[in-house]
Amino acid sequence: MSTVKEDIRELTFGQAINEAISEEMRRDPTVFVIGEDVAEAGTPFKVLTGLVEEFGTERVIDSPISEPGITGLGVGAAMTGMRPIIDIMFGDFITLTMDQMVNQAAKIHYMSGGKWKVPMVLRTTMGATRRSAAQHSQSLHAWFSHIPGLKVVVPSTPYDAKGLMKTAIRDDNPVAIFEDKLMYSTIKGHVPEEDYTIPFGVADIKREGSDLTIVATSSMVHVALDAAKSLEEIELSVEVIDPRTTWPLDKETMIDSAKKTSRAIVIDEGHDQYGVTAEIASTIADGAFYYLDAPVKRMGAMNVPVPFSPVLEDLTVPTIDSVVEMVKTLCGKV
């Protein structure tokens with residue numbers, strides 16, 4: 001009997017996104033990419049490297065430096081039969097796309113009585129601790145999650161990134177995808193060669209546990225998993241839930257987990273005030289109230305601009321150590 005283990009194909013987070021986009025561009029000639037430095041440069045993070053060589057400059061389009069213009073072109077192209085992927089270099093710059101995304105893309109289907117569709121994807125970045133200072137380090141996914149008509153994706157693994165990107169490109173509604181810029185080359189994982197998609201609004205249980213639930217998004221999923229592994233040493237079993245999309249939101253999976261464990265922490269790299277942590281914590285508190293042995297706790301970025309100083313910047317976001325301490329406190333293990 002053969003004992004040779006089948007090779008498992010691993011890709012980085014960035015490679016998985018590149019593969020998803022290139023496969024969809026081959027499958028559907030209406031898909032194109034437009035943004036600043038997306039062609040020859042392949043974006044500043046090199047995620048789209050190689051696309052312009054295969055598809056040419058008519059489908060991988062370097063735009064002028066105008067986020068409102070890029071996004072407006074995307075809305076118009078989507079309304080007239082194309083499936084544009086709008087690349088916004090840094091998530092901080094979505095401030096410049098707000099009218100196009102919030103007042104146009106999100107509302108056209110509703111205001112036209114269903115006659116118009118806007119099948120476009122806006123992909124951008126999130127995440128601090130890259131030493132990029134206050135204007136290039138924010139995680140602003142809560143903003144779009146607040147708007148009816150927009151779907152918001154926050155992948156944490158290469159597998160999820162590819163499957164969710166394909167779903168987004170095929171969706172007939174506007175989708176915003178926020179990718180943690182630090183994960184492009186550092187996070188690797190199994191990605192099947194065959195075509196697959198991941199439905200929106202379906203959370204993933206990244207780790208099963210019985211003592212406490214952590215709901216974490218994007219890069220914070222890896223912080224939560226590392227913290228959970230560390231907590232095994234003191235016999236605490238932590239379940240880690242990744243929503244994968246902040247809208248639509250899989251409330252049932254999070255609530256059922258909190259009912260099972262009786263304690264919950266929500267971790268997100270966006271600011272705490274009026275943020276993703278607040279919405280998810282409220283959802284769990286409402287749905288699992290009679291099962292909870294402690295208040296639902298939130299851990300997000302400090303409510304300050306992201307500092308340029310490395311020492312200060314590292315203090316502004318949840319860490320493995322701070323998560324471990326919060327879990328121990330909630331479970332009475334201090």
# chains A, B, ... in the order shown; residues from 1 in each chain; ligands from 1

call {"tool": "select_by_dssp", "arguments": {"residues": "segment 193-262 of chain A", "states": "strand (DSSP E)", "output": "ChimeraX atom specification"}}
result
/A:204-207,212-216,238-242,245-247

call {"tool": "residues_around", "arguments": {"residues": "segment 84-98 of chain A", "least_positions_apart": "3", "cutoff": "6 Å", "atoms": "only C-alpha atoms", "output": "PyMOL selection string"}}
result
chain A and resi 31-35+67-68+74+101-102+120-126+136+138

call {"tool": "closest_atom_pairs", "arguments": {"of": "segment 47-111 of chain A", "to": "segment 14-17 of chain A", "cutoff": "10 Å", "atoms": "only C-alpha atoms", "output": "tab-separated table"}}
result
residue	atom	partner	partner_atom	distance
A:Val47	CA	A:Gly14	CA	5.2
A:Leu48	CA	A:Ile17	CA	8.2
A:Thr49	CA	A:Gln15	CA	9.3

call {"tool": "atom_distance", "arguments": {"atom1": "atom CA of Lys328 of chain A", "atom2": "atom CA of Leu231 of chain A"}}
result
8.3 Å

call {"tool": "closest_residue", "arguments": {"among": "A:Leu315, A:Val324, A:Val221, A:Leu182", "to": "Thr12 of chain A", "atoms": "only C-alpha atoms"}}
result
A:Leu182

call {"tool": "closest_residue", "arguments": {"among": "A:Lys115, A:Pro158, A:Thr213, A:Ile267", "to": "Ser185 of chain A", "atoms": "only C-alpha atoms"}}
result
A:Pro158

call {"tool": "atom_distance", "arguments": {"atom1": "atom CA of Asp250 of chain A", "atom2": "atom CA of Gly201 of chain A"}}
result
4.9 Å

call {"tool": "select_by_dssp", "arguments": {"residues": "segment 76-262 of chain A", "states": "alpha helix (DSSP H)", "output": "PyMOL selection string"}}
result
chain A and resi 76-79+98+108-111+141-145+158-170+183-186+220-231+251-261

call {"tool": "closest_residue", "arguments": {"among": "A:Thr129, A:Arg83, A:Ala258, A:Glu10", "to": "Asp171 of chain A", "atoms": "only C-alpha atoms"}}
result
A:Arg83
